Amino acid sequence: MVRDDFGMRAKRCVPVCTRLILVLVMTTAVLLAPPPPLFAAGTPLGDVTVPTVGRTWPVGPHPRVLRGWEPPATTYGPGHRGVDLASAPGTPVRAVAAGRVSFAGRVAGKGVVSVELTGTGEPPLRTTYEPVTAAVEEGEEVEPGEVIGTVDATGSHCTVTCVHWGLRRDGTYLNPLSLLPPWLLHRGPSRLLPVH
C-alpha cells in the first residue's frame with residue numbers, strides 16, 4: 001500500500017513539475033530578452049551625434065508610444081519625423097533636458113513649444129512638442145522635468161490624444177528617443193502570472 005501511494009504521488013507530480021519547469025524556463029527567457037522596440041523595424045534608435053541628455057519623458061513616467069520614429073528615405077519622402085506619445089488632454093508636458101525655449105506659439109493652428117538643448121553642439125539640438133498650450137515664453141531657460149505646457153485636446157494627428165515629440169539638428173530630423181538613457185526607455189520589471 002505504501003509503495004502504491006508513492007507511485008500515485010510520483011505520477012501526479014510529473015505534470016505539476018513539468019509546468020513548474022516550463023514556467024521557470026519562460027520566465028528566464030522573458031527576463032533575458034531585450035525590451036520591445038519603441039521605433040520602426042530597421043531604424044536606428046540612437047545617433048552618435050545625439051547625447052543622452054534627457055532626464056525625463058515629456059509626458060508621464062513612461063507613456064505608451066503610439067507611433068515610433070520612421071525616418072524618410074529621402075528629404076521629402078514619407079515617414080514619421082518624431083514619436084507620438086499617448087497622453088490625456090491637460091497632461092503636463094515637461095522639458096526632457098535643460099535648454100532655452102526657442103519658440104512657444106501656434107503653427108498651422110497647433111500649439112507648439114520648441115527647446116534648444118544646452119550643451120548639445122553647434123547648431124544645438126532642438127526638441128519640439130505639439131499640440132501643446134505653452135506655459136513658457138520664447139527665450140526662457142528650462143530645466144529637465146520643468147513643465148513647459150499642457151496637452152491640447154485638439155490638434156493631434158493621432159486617433160487618440162497624443163503629443164508629437166520631435167528632435168532636430170539644423171534641418172536634420174533625429175530620433176527623440178536617442179535623448180533618453182536606457183534606464184528611462186525600459187518599461188520596468190516583468191510580472192509573473194499564475195499557471196492554470
# chains A, B, ... in the order shown; residues from 1 in each chain; ligands from 1
$ residues_around --residues "region 110-112 of chain A" --least-positions-apart "3" --cutoff "12 Å" --atoms "only C-alpha atoms" --output "MDAnalysis selection string"
chainID A and resid 93 101:107 115 127:138 148:157 163:166
$ select_by_dssp --residues "region 33-185 of chain A" --states "strand (DSSP E)" --output "ChimeraX atom specification"
/A:65-67,83-86,92-94,99-107,110-117,125-130,132-134,141-142,147-151,162-169,172-174
$ closest_residue --among "A:Pro63, A:Asn175, A:Gly139, A:Arg169" --to "Thr91 (chain A)" --atoms "only C-alpha atoms"
A:Pro63
$ residues_around --residues "Thr49 (chain A)" --least-positions-apart "4" --cutoff "12 Å" --atoms "only C-alpha atoms" --output "ChimeraX atom specification"
/A:53,120-125,168-169,172-175,178-179
$ write_last_selection --atoms "all heavy atoms" --output "tab-separated table (two decimals), in the first residue's frame"
chain	number	residue	atom	x	y	z
A	53	VAL	N	21.08	63.29	-23.09
A	53	VAL	CA	20.92	64.35	-22.08
A	53	VAL	C	19.53	64.35	-21.46
A	53	VAL	O	19.28	65.10	-20.52
A	53	VAL	CB	21.23	65.74	-22.67
A	53	VAL	CG1	22.68	65.85	-23.09
A	53	VAL	CG2	20.30	66.06	-23.84
A	120	THR	N	24.64	70.65	-26.50
A	120	THR	CA	24.46	69.58	-27.48
A	120	THR	C	25.14	69.90	-28.81
A	120	THR	O	24.84	69.28	-29.82
A	120	THR	CB	22.96	69.30	-27.73
A	120	THR	OG1	22.31	70.50	-28.16
A	120	THR	CG2	22.29	68.77	-26.47
A	121	GLY	N	26.09	70.83	-28.81
A	121	GLY	CA	26.85	71.12	-30.01
A	121	GLY	C	26.32	72.31	-30.78
A	121	GLY	O	25.40	72.99	-30.35
A	122	GLU	N	26.93	72.53	-31.94
A	122	GLU	CA	26.58	73.67	-32.78
A	122	GLU	C	26.28	73.18	-34.18
A	122	GLU	O	27.12	72.51	-34.78
A	122	GLU	CB	27.75	74.64	-32.80
A	122	GLU	CG	27.43	76.10	-32.97
A	122	GLU	CD	26.20	76.64	-32.23
A	122	GLU	OE1	26.13	76.58	-31.00
A	122	GLU	OE2	25.30	77.11	-32.92
A	123	PRO	N	25.13	73.40	-34.74
A	123	PRO	CA	23.98	74.02	-34.08
A	123	PRO	C	23.40	73.07	-33.03
A	123	PRO	O	23.55	71.85	-33.14
A	123	PRO	CB	22.99	74.24	-35.23
A	123	PRO	CG	23.35	73.24	-36.27
A	123	PRO	CD	24.83	73.00	-36.12
A	124	PRO	N	22.73	73.63	-32.02
A	124	PRO	CA	22.22	72.78	-30.93
A	124	PRO	C	21.05	71.91	-31.37
A	124	PRO	O	20.38	72.20	-32.36
A	124	PRO	CB	21.75	73.80	-29.89
A	124	PRO	CG	21.46	75.04	-30.66
A	124	PRO	CD	22.42	75.04	-31.83
A	125	LEU	N	20.85	70.83	-30.64
A	125	LEU	CA	19.67	70.01	-30.85
A	125	LEU	C	18.44	70.79	-30.40
A	125	LEU	O	18.52	71.58	-29.45
A	125	LEU	CB	19.76	68.71	-30.05
A	125	LEU	CG	20.81	67.70	-30.51
A	125	LEU	CD1	20.96	66.59	-29.49
A	125	LEU	CD2	20.44	67.14	-31.87
A	168	ARG	N	15.47	67.71	-33.78
A	168	ARG	CA	16.19	68.14	-34.99
A	168	ARG	C	17.53	68.74	-34.62
A	168	ARG	O	17.70	69.29	-33.55
A	168	ARG	CB	15.40	69.24	-35.72
A	168	ARG	CG	14.20	68.79	-36.44
A	168	ARG	CD	13.43	69.93	-37.02
A	168	ARG	NE	14.23	70.67	-38.00
A	168	ARG	CZ	13.74	71.61	-38.78
A	168	ARG	NH1	12.48	71.94	-38.72
A	168	ARG	NH2	14.51	72.23	-39.64
A	169	ARG	N	18.46	68.60	-35.55
A	169	ARG	CA	19.70	69.38	-35.50
A	169	ARG	C	19.75	70.08	-36.84
A	169	ARG	O	19.86	69.44	-37.88
A	169	ARG	CB	20.94	68.53	-35.30
A	169	ARG	CG	22.21	69.42	-35.18
A	169	ARG	CD	23.50	68.64	-35.06
A	169	ARG	NE	23.58	67.73	-33.95
A	169	ARG	CZ	23.89	68.08	-32.69
A	169	ARG	NH1	24.10	69.34	-32.37
A	169	ARG	NH2	23.98	67.15	-31.76
A	172	THR	N	18.04	68.51	-39.99
A	172	THR	CA	18.01	67.05	-39.97
A	172	THR	C	17.17	66.55	-38.80
A	172	THR	O	17.43	66.88	-37.64
A	172	THR	CB	19.44	66.49	-39.84
A	172	THR	OG1	20.23	67.00	-40.92
A	172	THR	CG2	19.44	64.97	-39.88
A	173	TYR	N	16.17	65.73	-39.12
A	173	TYR	CA	15.34	65.12	-38.08
A	173	TYR	C	16.06	63.91	-37.51
A	173	TYR	O	16.67	63.13	-38.25
A	173	TYR	CB	13.99	64.69	-38.65
A	173	TYR	CG	13.09	65.85	-38.97
A	173	TYR	CD1	13.10	66.44	-40.23
A	173	TYR	CD2	12.24	66.37	-38.01
A	173	TYR	CE1	12.28	67.51	-40.53
A	173	TYR	CE2	11.42	67.45	-38.29
A	173	TYR	CZ	11.44	68.01	-39.55
A	173	TYR	OH	10.63	69.07	-39.83
A	174	LEU	N	15.96	63.75	-36.20
A	174	LEU	CA	16.60	62.64	-35.49
A	174	LEU	C	15.57	61.97	-34.59
A	174	LEU	O	14.51	62.52	-34.32
A	174	LEU	CB	17.78	63.16	-34.66
A	174	LEU	CG	18.87	63.90	-35.46
A	174	LEU	CD1	19.77	64.68	-34.53
A	174	LEU	CD2	19.66	62.91	-36.28
A	175	ASN	N	15.92	60.80	-34.10
A	175	ASN	CA	15.03	60.06	-33.21
A	175	ASN	C	15.07	60.67	-31.81
A	175	ASN	O	16.10	60.60	-31.14
A	175	ASN	CB	15.46	58.59	-33.16
A	175	ASN	CG	14.49	57.73	-32.37
A	175	ASN	OD1	13.58	58.22	-31.72
A	175	ASN	ND2	14.72	56.44	-32.42
A	178	SER	N	16.56	58.88	-28.77
A	178	SER	CA	18.02	58.85	-28.60
A	178	SER	C	18.47	59.72	-27.42
A	178	SER	O	19.55	59.51	-26.89
A	178	SER	CB	18.72	59.35	-29.86
A	178	SER	OG	18.40	58.55	-30.96
A	179	LEU	N	17.64	60.68	-27.05
A	179	LEU	CA	17.99	61.56	-25.93
A	179	LEU	C	17.89	60.86	-24.58
A	179	LEU	O	18.53	61.29	-23.62
A	179	LEU	CB	17.05	62.78	-25.90
A	179	LEU	CG	17.18	63.77	-27.04
A	179	LEU	CD1	16.02	64.76	-27.00
A	179	LEU	CD2	18.51	64.50	-26.97
$ atom_distance --atom1 "CA of Ala98 (chain A)" --atom2 "CA of Leu184 (chain A)"
16.5 Å
$ atom_distance --atom1 "CA of Cys158 (chain A)" --atom2 "CA of Ala95 (chain A)"
21.2 Å
